[in-house]
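Structure file upload01.cif; described as mmCIF, C-alpha atoms.
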data_entry
#
loop_
_atom_site.label_atom_id
_atom_site.label_comp_id
_atom_site.auth_asym_id
_atom_site.auth_seq_id
_atom_site.Cartn_x
_atom_site.Cartn_y
_atom_site.Cartn_z
CA MET A 1 105.17 28.54 2.46
CA LYS A 2 107.51 25.83 1.11
CA ILE A 3 107.86 22.79 3.36
CA LEU A 4 110.38 19.98 2.86
CA GLY A 5 109.28 16.69 4.42
CA ILE A 6 111.79 13.91 4.98
CA ASP A 7 111.40 10.19 5.63
CA PRO A 8 114.77 9.30 7.15
CA GLY A 9 116.74 6.18 6.28
CA THR A 10 120.26 5.21 5.32
CA ALA A 11 119.58 2.96 2.32
CA ILE A 12 116.76 5.18 1.06
CA CYS A 13 115.83 8.60 2.37
CA GLY A 14 112.61 10.05 0.95
CA TRP A 15 111.99 13.76 0.48
CA GLY A 16 109.01 15.78 -0.70
CA LEU A 17 108.50 19.49 -1.19
CA VAL A 18 105.04 21.07 -0.96
CA GLU A 19 103.84 24.63 -1.11
CA LYS A 20 101.04 25.70 1.12
CA SER A 21 98.94 28.70 0.26
CA GLY A 22 95.91 29.38 2.41
CA SER A 23 94.56 25.97 3.27
CA SER A 24 95.61 24.26 0.04
CA PHE A 25 98.75 22.34 -0.81
CA LYS A 26 100.62 21.99 -4.08
CA LEU A 27 103.25 19.39 -4.91
CA LEU A 28 106.51 21.03 -5.98
CA ASP A 29 108.91 18.12 -6.17
CA PHE A 30 109.81 14.82 -4.55
CA GLY A 31 112.46 12.13 -4.74
CA VAL A 32 114.74 9.82 -2.79
CA ILE A 33 118.38 9.84 -1.78
CA THR A 34 119.77 6.34 -2.06
CA THR A 35 123.10 5.07 -0.78
CA ASP A 36 125.08 1.97 -1.66
CA LYS A 37 124.77 -0.75 0.99
CA ASN A 38 128.34 -1.84 0.20
CA CYS A 39 129.73 1.52 1.34
CA PRO A 40 130.75 2.16 4.97
CA GLN A 41 127.98 3.72 7.08
CA CYS A 42 129.98 6.94 7.54
CA ASP A 43 130.19 7.41 3.75
CA ARG A 44 126.46 6.74 3.39
CA LEU A 45 125.62 9.25 6.12
CA HIS A 46 127.86 11.82 4.51
CA SER A 47 126.18 11.25 1.11
CA ILE A 48 122.80 11.93 2.73
CA TYR A 49 124.20 15.08 4.30
CA THR A 50 125.64 16.47 1.07
CA GLU A 51 122.67 15.51 -1.15
CA LEU A 52 120.16 16.86 1.34
CA SER A 53 122.15 20.09 1.73
CA ASP A 54 122.08 20.46 -2.09
CA ILE A 55 118.30 19.94 -2.15
CA ILE A 56 117.82 22.52 0.62
CA LYS A 57 120.06 25.04 -1.15
CA LYS A 58 118.28 24.55 -4.50
CA LYS A 59 114.69 24.35 -3.27
CA GLN A 60 114.95 26.88 -0.42
CA PRO A 61 112.24 25.44 1.86
CA GLU A 62 111.08 27.55 4.80
CA ALA A 63 110.76 24.52 7.08
CA VAL A 64 112.10 20.97 7.28
CA ALA A 65 109.78 18.37 8.83
CA VAL A 66 110.78 14.84 9.83
CA GLU A 67 108.87 11.94 11.31
CA GLU A 68 109.94 10.90 14.81
CA LEU A 69 111.05 7.33 15.29
CA PHE A 70 108.61 5.49 17.51
CA PHE A 71 108.91 1.83 16.76
CA PHE A 72 111.50 -0.39 15.18
CA LYS A 73 112.02 -3.84 13.79
CA ASN A 74 115.53 -4.41 15.05
CA LEU A 75 118.37 -2.62 16.80
CA LYS A 76 120.46 -2.26 13.63
CA THR A 77 117.60 -0.44 11.90
CA VAL A 78 116.95 1.91 14.79
CA ILE A 79 120.65 2.84 15.01
CA SER A 80 120.92 3.40 11.27
CA VAL A 81 117.71 5.47 10.98
CA SER A 82 118.63 7.53 14.05
CA GLU A 83 122.07 8.27 12.65
CA ALA A 84 120.40 9.48 9.44
CA ARG A 85 118.02 11.63 11.52
CA GLY A 86 120.98 13.25 13.28
CA VAL A 87 122.54 14.02 9.90
CA ILE A 88 119.27 15.51 8.59
CA THR A 89 118.99 17.76 11.65
CA VAL A 90 122.45 19.17 11.01
CA ALA A 91 121.77 19.63 7.27
CA ALA A 92 118.67 21.70 8.13
CA ARG A 93 120.35 23.71 10.88
CA GLU A 94 123.56 24.39 8.95
CA ASN A 95 121.35 25.82 6.20
CA ARG A 96 119.42 27.87 8.78
CA ILE A 97 116.08 26.18 8.08
CA PRO A 98 113.76 25.60 11.06
CA PHE A 99 113.42 21.91 11.90
CA PHE A 100 110.20 20.21 13.09
CA GLU A 101 109.36 16.69 14.20
CA TYR A 102 106.05 14.84 14.17
CA THR A 103 105.07 11.51 15.65
CA PRO A 104 103.50 8.89 13.37
CA LEU A 105 100.24 9.53 15.31
CA GLN A 106 100.37 13.23 14.43
CA VAL A 107 100.98 12.41 10.75
CA LYS A 108 98.01 10.01 10.68
CA GLN A 109 95.75 12.46 12.44
CA ALA A 110 96.78 15.37 10.21
CA LEU A 111 96.32 13.41 6.99
CA ALA A 112 93.51 10.95 7.63
CA GLY A 113 91.86 12.55 10.65
CA TYR A 114 92.41 9.62 12.98
CA GLY A 115 95.45 7.98 14.57
CA ARG A 116 94.69 4.42 13.50
CA ALA A 117 94.81 5.13 9.77
CA ASP A 118 97.02 2.64 7.89
CA LYS A 119 99.90 3.48 5.57
CA ASN A 120 97.75 3.16 2.45
CA GLN A 121 95.04 5.50 3.80
CA VAL A 122 97.70 8.11 4.58
CA GLN A 123 99.16 7.78 1.08
CA GLN A 124 95.69 8.05 -0.51
CA MET A 125 95.22 11.29 1.42
CA VAL A 126 98.59 12.57 0.14
CA LYS A 127 97.31 11.95 -3.41
CA LEU A 128 93.98 13.65 -2.66
CA ILE A 129 95.39 16.68 -0.81
CA LEU A 130 98.04 17.30 -3.49
CA ASN A 131 95.49 16.67 -6.28
CA LEU A 132 97.60 13.96 -7.94
CA LYS A 133 96.55 11.21 -10.33
CA GLU A 134 98.64 8.60 -8.54
CA ILE A 135 100.32 8.05 -5.20
CA PRO A 136 103.94 9.29 -5.48
CA LYS A 137 106.44 6.43 -5.64
CA PRO A 138 108.41 5.05 -3.89
CA ASP A 139 106.68 4.87 -0.49
CA ASP A 140 109.56 6.80 1.12
CA ALA A 141 108.76 9.87 -1.01
CA ALA A 142 105.01 9.58 -0.29
CA ASP A 143 105.77 9.31 3.45
CA ALA A 144 108.02 12.38 3.24
CA LEU A 145 105.18 14.33 1.56
CA ALA A 146 102.81 13.21 4.35
CA VAL A 147 105.14 14.74 6.97
CA ALA A 148 105.44 17.97 4.95
CA ILE A 149 101.61 18.21 4.80
CA THR A 150 101.43 17.47 8.54
CA HIS A 151 103.64 20.45 9.24
CA GLY A 152 101.48 22.63 7.00
CA GLN A 153 98.29 21.44 8.70
CA SER A 154 99.77 21.98 12.15
CA ASN A 155 100.75 25.52 11.31
CA GLN A 156 97.27 26.08 9.98
CA GLU A 157 95.75 24.69 13.14
CA LEU A 158 98.06 26.82 15.25
CA MET A 159 96.93 29.85 13.29
CA GLN A 160 93.29 28.84 13.61
CA ASN A 161 93.73 28.27 17.33
CA SER A 162 95.44 31.61 17.69
CA ASN A 163 92.63 33.27 15.68
CA LEU A 164 90.01 31.55 17.82
CA LYS A 165 91.89 32.61 20.91
CA SER A 166 92.13 36.23 19.83
CA GLN A 167 88.40 36.16 18.92
CA SER A 168 87.51 34.75 22.33
CA ASP A 169 89.81 37.27 23.98
CA ASN A 170 87.92 40.14 22.30
CA MET B 1 149.88 10.97 14.58
CA LYS B 2 147.13 12.91 16.38
CA ILE B 3 143.97 10.89 17.07
CA LEU B 4 140.71 12.31 18.37
CA GLY B 5 138.59 9.75 20.21
CA ILE B 6 134.93 10.43 20.89
CA ASP B 7 132.43 8.90 23.30
CA PRO B 8 129.10 9.88 21.72
CA GLY B 9 126.11 11.14 23.67
CA THR B 10 123.61 13.98 23.53
CA ALA B 11 123.71 15.16 27.16
CA ILE B 12 127.46 14.65 27.43
CA CYS B 13 129.83 13.84 24.60
CA GLY B 14 133.39 13.01 25.66
CA TRP B 15 136.46 13.72 23.54
CA GLY B 16 140.15 13.01 23.97
CA LEU B 17 143.15 13.82 21.82
CA VAL B 18 146.29 11.69 21.92
CA GLU B 19 149.50 11.76 19.95
CA LYS B 20 151.12 8.54 18.99
CA SER B 21 154.81 8.40 18.19
CA GLY B 22 156.33 4.99 17.64
CA SER B 23 154.57 2.73 20.09
CA SER B 24 154.00 5.35 22.77
CA PHE B 25 151.05 7.63 23.40
CA LYS B 26 150.93 11.13 24.82
CA LEU B 27 147.85 12.92 26.13
CA LEU B 28 147.31 16.22 24.32
CA ASP B 29 143.91 17.32 25.57
CA PHE B 30 140.49 16.06 26.61
CA GLY B 31 137.09 17.38 27.58
CA VAL B 32 133.35 17.03 27.19
CA ILE B 33 130.68 18.75 25.15
CA THR B 34 127.57 19.13 27.27
CA THR B 35 124.11 20.18 26.12
CA ASP B 36 121.12 21.46 28.06
CA LYS B 37 118.46 18.78 28.54
CA ASN B 38 115.78 21.49 28.39
CA CYS B 39 116.72 22.35 24.78
CA PRO B 40 115.10 20.59 21.82
CA GLN B 41 117.06 17.58 20.56
CA CYS B 42 117.77 19.30 17.22
CA ASP B 43 119.44 22.22 19.02
CA ARG B 44 121.49 19.84 21.17
CA LEU B 45 122.64 17.88 18.11
CA HIS B 46 123.57 21.09 16.36
CA SER B 47 125.58 22.23 19.42
CA ILE B 48 127.53 18.98 19.31
CA TYR B 49 128.14 19.49 15.59
CA THR B 50 129.44 23.06 15.95
CA GLU B 51 131.53 22.42 19.09
CA LEU B 52 133.05 19.27 17.66
CA SER B 53 133.80 21.03 14.36
CA ASP B 54 135.58 23.75 16.35
CA ILE B 55 137.65 21.16 18.25
CA ILE B 56 138.58 19.43 14.98
CA LYS B 57 139.57 22.73 13.35
CA LYS B 58 141.67 23.81 16.36
CA LYS B 59 143.30 20.48 17.18
CA GLN B 60 143.75 19.19 13.62
CA PRO B 61 143.59 15.44 14.37
CA GLU B 62 144.58 13.06 11.60
CA ALA B 63 141.87 10.56 12.55
CA VAL B 64 138.56 10.54 14.42
CA ALA B 65 137.67 7.32 16.25
CA VAL B 66 134.28 6.52 17.79
CA GLU B 67 132.97 3.53 19.72
CA GLU B 68 130.24 1.56 17.97
CA LEU B 69 126.95 1.20 19.81
CA PHE B 70 126.39 -2.42 20.76
CA PHE B 71 124.03 -2.46 23.68
CA PHE B 72 121.54 -0.06 25.16
CA LYS B 73 119.45 0.53 28.21
CA ASN B 74 116.34 1.82 26.50
CA LEU B 75 115.06 2.87 23.09
CA LYS B 76 115.22 6.58 23.88
CA THR B 77 118.92 6.31 24.72
CA VAL B 78 119.78 4.33 21.61
CA ILE B 79 117.98 6.86 19.38
CA SER B 80 119.66 9.81 21.07
CA VAL B 81 123.18 8.32 21.04
CA SER B 82 122.77 7.20 17.41
CA GLU B 83 121.65 10.67 16.37
CA ALA B 84 124.79 12.08 18.04
CA ARG B 85 126.90 9.48 16.22
CA GLY B 86 125.43 10.57 12.89
CA VAL B 87 126.29 14.17 13.71
CA ILE B 88 129.87 13.22 14.71
CA THR B 89 130.35 11.35 11.42
CA VAL B 90 129.36 14.44 9.45
CA ALA B 91 131.57 16.74 11.58
CA ALA B 92 134.57 14.50 10.82
CA ARG B 93 133.78 14.11 7.13
CA GLU B 94 132.97 17.79 6.52
CA ASN B 95 136.41 18.56 7.99
CA ARG B 96 137.99 15.87 5.78
CA ILE B 97 139.22 13.77 8.70
CA PRO B 98 139.15 9.98 8.27
CA PHE B 99 136.55 8.35 10.52
CA PHE B 100 136.97 4.99 12.28
CA GLU B 101 134.72 2.86 14.46
CA TYR B 102 135.58 0.27 17.08
CA THR B 103 133.38 -2.17 18.95
CA PRO B 104 133.50 -2.18 22.77
CA LEU B 105 135.24 -5.58 22.44
CA GLN B 106 137.97 -4.07 20.28
CA VAL B 107 138.48 -1.24 22.79
CA LYS B 108 138.77 -3.69 25.69
CA GLN B 109 141.16 -5.93 23.79
CA ALA B 110 143.32 -3.01 22.65
CA LEU B 111 143.58 -1.47 26.11
CA ALA B 112 143.43 -4.34 28.57
CA GLY B 113 144.37 -7.23 26.32
CA TYR B 114 141.15 -9.16 26.81
CA GLY B 115 137.52 -8.61 25.85
CA ARG B 116 136.02 -9.13 29.30
CA ALA B 117 137.86 -6.24 30.94
CA ASP B 118 135.56 -3.99 32.93
CA LYS B 119 135.19 -0.24 32.59
CA ASN B 120 137.57 0.48 35.48
CA GLN B 121 140.31 -1.79 34.10
CA VAL B 122 140.08 0.00 30.74
CA GLN B 123 140.31 3.39 32.47
CA GLN B 124 143.29 2.27 34.55
CA MET B 125 145.01 1.29 31.30
CA VAL B 126 144.23 4.73 29.82
CA LYS B 127 146.01 6.26 32.85
CA LEU B 128 148.96 3.87 32.50
CA ILE B 129 149.38 4.15 28.72
CA LEU B 130 149.18 7.96 28.83
CA ASN B 131 151.46 8.10 31.89
CA LEU B 132 148.96 10.10 33.98
CA LYS B 133 148.70 10.49 37.72
CA GLU B 134 144.93 10.05 37.71
CA ILE B 135 142.19 8.69 35.48
CA PRO B 136 140.86 11.57 33.37
CA LYS B 137 137.43 12.75 34.50
CA PRO B 138 134.57 12.53 33.69
CA ASP B 139 134.21 8.93 32.49
CA ASP B 140 133.06 10.14 29.07
CA ALA B 141 136.45 11.77 28.45
CA ALA B 142 138.35 8.68 29.69
CA ASP B 143 136.23 6.48 27.40
CA ALA B 144 136.96 8.82 24.48
CA LEU B 145 140.71 8.52 25.18
CA ALA B 146 140.36 4.71 25.26
CA VAL B 147 138.90 4.75 21.73
CA ALA B 148 141.66 7.08 20.51
CA ILE B 149 144.28 4.68 21.92
CA THR B 150 142.44 1.74 20.33
CA HIS B 151 142.78 3.38 16.94
CA GLY B 152 146.48 4.01 17.54
CA GLN B 153 147.04 0.40 18.62
CA SER B 154 145.12 -0.92 15.62
CA ASN B 155 147.19 1.16 13.24
CA GLN B 156 150.30 -0.10 14.97
CA GLU B 157 149.12 -3.67 14.59
CA LEU B 158 148.28 -3.04 10.95
CA MET B 159 151.77 -1.65 10.45
CA GLN B 160 153.34 -4.58 12.29
CA ASN B 161 151.28 -7.01 10.24
CA SER B 162 152.25 -5.24 7.08
CA ASN B 163 155.94 -5.27 8.15
CA LEU B 164 155.69 -8.94 8.98
CA LYS B 165 154.04 -9.55 5.66
CA SER B 166 156.71 -7.68 3.71
CA GLN B 167 159.40 -9.56 5.69
CA SER B 168 157.78 -12.87 4.87
CA ASP B 169 157.40 -11.82 1.25
CA ASN B 170 161.16 -11.17 0.99
#
Structure translated into structure tokens:
Amino acid sequence: MKILGIDPGTAICGWGLVEKSGSSFKLLDFGVITTDKNCPQCDRLHSIYTELSDIIKKKQPEAVAVEELFFFKNLKTVISVSEARGVITVAARENRIPFFEYTPLQVKQALAGYGRADKNQVQQMVKLILNLKEIPKPDDAADALAVAITHGQSNQELMQNSNLKSQSDN
Amino acid sequence: MKILGIDPGTAICGWGLVEKSGSSFKLLDFGVITTDKNCPQCDRLHSIYTELSDIIKKKQPEAVAVEELFFFKNLKTVISVSEARGVITVAARENRIPFFEYTPLQVKQALAGYGRADKNQVQQMVKLILNLKEIPKPDDAADALAVAITHGQSNQELMQNSNLKSQSDN
């Protein structure tokens, strides 16, 4: 199963593609979409839409996973990131890819096993789970990979839960 | 010139189409896109995208105008409205319609002539400018028409300024 994780943003939007087979994950590709801060916001949002649509068409993920926005530094940031999130939703849906959202708590729990893990611990786990020599750079791409892994883990847990349930039902 | 004004929102997204000829405005159509609050946000955003794209394709506006978000009641609202705004931007751009934004202050000044006008004064001006018997309902549609008129007024002012400039240049 190919999962595309996305760390939304207008200036820099991270993406990371992983393949999950059984309980293991493999890194397929990652990168960032950057937009020029001197361009109008509508042009920047449209760039994200077209570049992300291209990535989806080329890489053919079976799921798109994005981190939910839960905190913010200032109103301008929250507006800008939310606008990018809206655009990402449409890019996924227009390409008929199922769309999933995870809270930062879910990402931390899925990767590091506890909700108070810091950013660096999560990124170290990305490196470990994907069997990499270094943490992927920039941070936005590493964060996107963390969300992709979270989706894979959640599916796995759902399957495990459903297996456990069917065992207990028998 | 046909202008489509939009009042963004996820639960209810108002739209209003006006035609401007010379300095006068004519109401062409208005309405709202509503989405089911029990549906996931990504489905609601995608509904707005597809319905708005349909309206743009059918009505063929020459400009899309949206009010900028400047204040908010709570974080959940600002995220939701911003996501809808991102979606609206893409719907306009994917249909190759120029996209414009106006602050609430600009809308108030364009309609009522001063920035402290209240919501009702702006809506009364929508009724007056469009030569209607009643204020269009719901509020979201009236607000969308106000933004469309703002864009028309701004263009007019730009043209006047440019005429004045060319007169003074001669």
Inset, instruction - Skip Ser47 (chain B) itself and residues of its chain fewer than 2 positions away, then list as a ChimeraX atom specification all residues within 10 Å of it, counting all atoms listed in the file. - result: /A:90 /B:10,33-36,41-45,49-53,87
Please enumerate the residues selected by the PyMOL selection byres ((chain A and resi 112) around 10) when evaluated against the supplied file, formatted as an mmCIF file with C-alpha atoms, in the frame of the given file.
data_model
loop_
_atom_site.group_PDB
_atom_site.id
_atom_site.type_symbol
_atom_site.label_atom_id
_atom_site.label_comp_id
_atom_site.auth_asym_id
_atom_site.auth_seq_id
_atom_site.Cartn_x
_atom_site.Cartn_y
_atom_site.Cartn_z
ATOM 1 C CA GLN A 106 100.370 13.230 14.430
ATOM 2 C CA VAL A 107 100.980 12.410 10.750
ATOM 3 C CA LYS A 108 98.010 10.010 10.680
ATOM 4 C CA GLN A 109 95.750 12.460 12.440
ATOM 5 C CA ALA A 110 96.780 15.370 10.210
ATOM 6 C CA LEU A 111 96.320 13.410 6.990
ATOM 7 C CA GLY A 113 91.860 12.550 10.650
ATOM 8 C CA TYR A 114 92.410 9.620 12.980
ATOM 9 C CA GLY A 115 95.450 7.980 14.570
ATOM 10 C CA ARG A 116 94.690 4.420 13.500
ATOM 11 C CA ALA A 117 94.810 5.130 9.770
ATOM 12 C CA ASP A 118 97.020 2.640 7.890
ATOM 13 C CA GLN A 121 95.040 5.500 3.800
ATOM 14 C CA VAL A 122 97.700 8.110 4.580
ATOM 15 C CA GLN A 123 99.160 7.780 1.080
ATOM 16 C CA GLN A 124 95.690 8.050 -0.510
ATOM 17 C CA MET A 125 95.220 11.290 1.420
ATOM 18 C CA VAL A 126 98.590 12.570 0.140
#
Legend entry - Between CA of Pro98 (chain A) and CA of Gly86 (chain A), distance in Å (one decimal):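 That distance, rounded to one decimal, is 14.5 Å.
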Chain A onto chain B, all Cα, least squares, as a short mmCIF file (atom, residue, chain, number, x, y, z; two decimals) with C-alpha atoms, in the frame of the given file:
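And here's out-v2.cif as it stands now:
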data_model
loop_
_atom_site.label_atom_id
_atom_site.label_comp_id
_atom_site.auth_asym_id
_atom_site.auth_seq_id
_atom_site.Cartn_x
_atom_site.Cartn_y
_atom_site.Cartn_z
CA MET A 1 149.89 11.12 14.58
CA LYS A 2 147.12 13.03 16.39
CA ILE A 3 143.99 10.98 17.07
CA LEU A 4 140.70 12.39 18.38
CA GLY A 5 138.59 9.81 20.21
CA ILE A 6 134.92 10.47 20.88
CA ASP A 7 132.43 8.91 23.27
CA PRO A 8 129.11 9.89 21.70
CA GLY A 9 126.11 11.12 23.66
CA THR A 10 123.60 13.94 23.56
CA ALA A 11 123.68 15.09 27.19
CA ILE A 12 127.44 14.60 27.45
CA CYS A 13 129.82 13.82 24.62
CA GLY A 14 133.38 12.99 25.67
CA TRP A 15 136.44 13.75 23.57
CA GLY A 16 140.14 13.04 23.99
CA LEU A 17 143.13 13.89 21.85
CA VAL A 18 146.30 11.76 21.93
CA GLU A 19 149.50 11.87 19.97
CA LYS A 20 151.13 8.66 18.97
CA SER A 21 154.80 8.53 18.17
CA GLY A 22 156.35 5.14 17.59
CA SER A 23 154.59 2.85 20.01
CA SER A 24 154.02 5.46 22.73
CA PHE A 25 151.08 7.73 23.38
CA LYS A 26 150.92 11.21 24.84
CA LEU A 27 147.83 12.98 26.15
CA LEU A 28 147.28 16.29 24.37
CA ASP A 29 143.88 17.37 25.61
CA PHE A 30 140.47 16.09 26.64
CA GLY A 31 137.07 17.39 27.63
CA VAL A 32 133.32 17.02 27.23
CA ILE A 33 130.63 18.74 25.21
CA THR A 34 127.52 19.08 27.31
CA THR A 35 124.06 20.12 26.17
CA ASP A 36 121.07 21.37 28.12
CA LYS A 37 118.42 18.68 28.59
CA ASN A 38 115.73 21.38 28.45
CA CYS A 39 116.66 22.26 24.86
CA PRO A 40 115.04 20.52 21.87
CA GLN A 41 117.02 17.53 20.59
CA CYS A 42 117.73 19.27 17.26
CA ASP A 43 119.38 22.20 19.09
CA ARG A 44 121.44 19.80 21.22
CA LEU A 45 122.59 17.87 18.15
CA HIS A 46 123.52 21.09 16.42
CA SER A 47 125.52 22.24 19.49
CA ILE A 48 127.49 18.99 19.35
CA TYR A 49 128.10 19.53 15.66
CA THR A 50 129.37 23.09 16.03
CA GLU A 51 131.47 22.45 19.17
CA LEU A 52 133.00 19.31 17.71
CA SER A 53 133.75 21.10 14.42
CA ASP A 54 135.52 23.84 16.45
CA ILE A 55 137.59 21.23 18.31
CA ILE A 56 138.55 19.53 15.04
CA LYS A 57 139.51 22.85 13.43
CA LYS A 58 141.60 23.92 16.45
CA LYS A 59 143.27 20.60 17.25
CA GLN A 60 143.70 19.33 13.67
CA PRO A 61 143.57 15.58 14.39
CA GLU A 62 144.58 13.20 11.61
CA ALA A 63 141.87 10.69 12.53
CA VAL A 64 138.57 10.64 14.40
CA ALA A 65 137.70 7.40 16.22
CA VAL A 66 134.31 6.57 17.74
CA GLU A 67 133.01 3.59 19.65
CA GLU A 68 130.28 1.59 17.90
CA LEU A 69 127.00 1.19 19.72
CA PHE A 70 126.45 -2.43 20.65
CA PHE A 71 124.10 -2.52 23.56
CA PHE A 72 121.59 -0.17 25.07
CA LYS A 73 119.48 0.38 28.13
CA ASN A 74 116.39 1.71 26.43
CA LEU A 75 115.11 2.78 23.03
CA LYS A 76 115.25 6.51 23.85
CA THR A 77 118.95 6.23 24.69
CA VAL A 78 119.82 4.28 21.57
CA ILE A 79 118.01 6.81 19.35
CA SER A 80 119.66 9.76 21.06
CA VAL A 81 123.20 8.28 21.01
CA SER A 82 122.81 7.19 17.38
CA GLU A 83 121.66 10.66 16.36
CA ALA A 84 124.77 12.08 18.04
CA ARG A 85 126.92 9.50 16.21
CA GLY A 86 125.45 10.60 12.88
CA VAL A 87 126.28 14.21 13.73
CA ILE A 88 129.86 13.29 14.72
CA THR A 89 130.36 11.44 11.42
CA VAL A 90 129.36 14.53 9.47
CA ALA A 91 131.54 16.82 11.62
CA ALA A 92 134.56 14.61 10.84
CA ARG A 93 133.78 14.24 7.14
CA GLU A 94 132.95 17.91 6.56
CA ASN A 95 136.37 18.70 8.03
CA ARG A 96 137.97 16.04 5.80
CA ILE A 97 139.22 13.92 8.70
CA PRO A 98 139.15 10.12 8.25
CA PHE A 99 136.57 8.47 10.49
CA PHE A 100 137.01 5.09 12.23
CA GLU A 101 134.76 2.94 14.39
CA TYR A 102 135.63 0.33 17.00
CA THR A 103 133.45 -2.12 18.86
CA PRO A 104 133.57 -2.15 22.67
CA LEU A 105 135.32 -5.57 22.33
CA GLN A 106 138.05 -4.02 20.18
CA VAL A 107 138.54 -1.20 22.70
CA LYS A 108 138.84 -3.68 25.59
CA GLN A 109 141.24 -5.88 23.69
CA ALA A 110 143.39 -2.96 22.55
CA LEU A 111 143.62 -1.43 26.02
CA ALA A 112 143.50 -4.32 28.47
CA GLY A 113 144.45 -7.20 26.18
CA TYR A 114 141.24 -9.14 26.67
CA GLY A 115 137.60 -8.60 25.71
CA ARG A 116 136.11 -9.16 29.16
CA ALA A 117 137.96 -6.28 30.81
CA ASP A 118 135.61 -4.03 32.83
CA LYS A 119 135.25 -0.27 32.50
CA ASN A 120 137.60 0.42 35.40
CA GLN A 121 140.37 -1.82 34.00
CA VAL A 122 140.13 0.00 30.66
CA GLN A 123 140.33 3.38 32.40
CA GLN A 124 143.33 2.24 34.49
CA MET A 125 145.05 1.29 31.24
CA VAL A 126 144.27 4.74 29.79
CA LYS A 127 146.04 6.26 32.82
CA LEU A 128 148.99 3.88 32.46
CA ILE A 129 149.41 4.20 28.68
CA LEU A 130 149.19 8.01 28.80
CA ASN A 131 151.46 8.13 31.89
CA LEU A 132 148.95 10.11 33.97
CA LYS A 133 148.70 10.48 37.74
CA GLU A 134 144.93 10.02 37.71
CA ILE A 135 142.21 8.66 35.48
CA PRO A 136 140.85 11.56 33.37
CA LYS A 137 137.41 12.71 34.52
CA PRO A 138 134.56 12.48 33.70
CA ASP A 139 134.22 8.87 32.48
CA ASP A 140 133.07 10.10 29.05
CA ALA A 141 136.46 11.76 28.45
CA ALA A 142 138.36 8.67 29.68
CA ASP A 143 136.25 6.48 27.36
CA ALA A 144 136.96 8.83 24.45
CA LEU A 145 140.72 8.55 25.16
CA ALA A 146 140.39 4.74 25.21
CA VAL A 147 138.93 4.79 21.68
CA ALA A 148 141.68 7.15 20.48
CA ILE A 149 144.33 4.74 21.87
CA THR A 150 142.50 1.81 20.25
CA HIS A 151 142.82 3.47 16.88
CA GLY A 152 146.52 4.10 17.50
CA GLN A 153 147.09 0.49 18.56
CA SER A 154 145.18 -0.84 15.57
CA ASN A 155 147.25 1.21 13.18
CA GLN A 156 150.35 -0.05 14.92
CA GLU A 157 149.16 -3.62 14.62
CA LEU A 158 148.30 -3.08 10.97
CA MET A 159 151.81 -1.77 10.42
CA GLN A 160 153.31 -4.66 12.36
CA ASN A 161 151.21 -7.13 10.39
CA SER A 162 152.23 -5.48 7.15
CA ASN A 163 155.90 -5.57 8.25
CA LEU A 164 155.58 -9.22 9.21
CA LYS A 165 153.90 -9.91 5.91
CA SER A 166 156.59 -8.17 3.90
CA GLN A 167 159.26 -10.04 5.92
CA SER A 168 157.56 -13.37 5.25
CA ASP A 169 157.16 -12.42 1.60
CA ASN A 170 160.93 -11.86 1.29
#
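Candidate residues A:Met1, A:Ile6, A:Leu105, A:Ala141 were compared for distance to Ser21 (chain A), and the nearest is A:Met1, using only C-alpha atoms.
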Legend entry - Check: which chain B residues lie within 12 Å of chain A using all atoms listed in the file, as a ChimeraX atom specification: /B:8-10,40-50,53,64-66,68-101
Legend entry - Interatomic distance (Å, one decimal) between CA of Lys2 (chain B) and CA of Ala63 (chain B):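 So the answer is 6.9 Å.
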Give me the result of the PyMOL selection byres ((chain A and resi 22) around 10) on this file, residue by residue, as an mmCIF file with C-alpha atoms, in the frame of the given file.
data_model
loop_
_atom_site.group_PDB
_atom_site.id
_atom_site.type_symbol
_atom_site.label_atom_id
_atom_site.label_comp_id
_atom_site.auth_asym_id
_atom_site.auth_seq_id
_atom_site.Cartn_x
_atom_site.Cartn_y
_atom_site.Cartn_z
ATOM 1 C CA MET A 1 105.170 28.540 2.460
ATOM 2 C CA GLU A 19 103.840 24.630 -1.110
ATOM 3 C CA LYS A 20 101.040 25.700 1.120
ATOM 4 C CA SER A 21 98.940 28.700 0.260
ATOM 5 C CA SER A 23 94.560 25.970 3.270
ATOM 6 C CA SER A 24 95.610 24.260 0.040
ATOM 7 C CA PHE A 25 98.750 22.340 -0.810
ATOM 8 C CA GLY A 152 101.480 22.630 7.000
ATOM 9 C CA GLN A 156 97.270 26.080 9.980
#
Legend entry - Output check: residues returned by the PyMOL selection byres ((chain B and resi 28) around 6), as a count of residues only: 4
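Here CA of Ala11 (chain B) stands at a distance of 9.8 Å from CA of Val32 (chain B).
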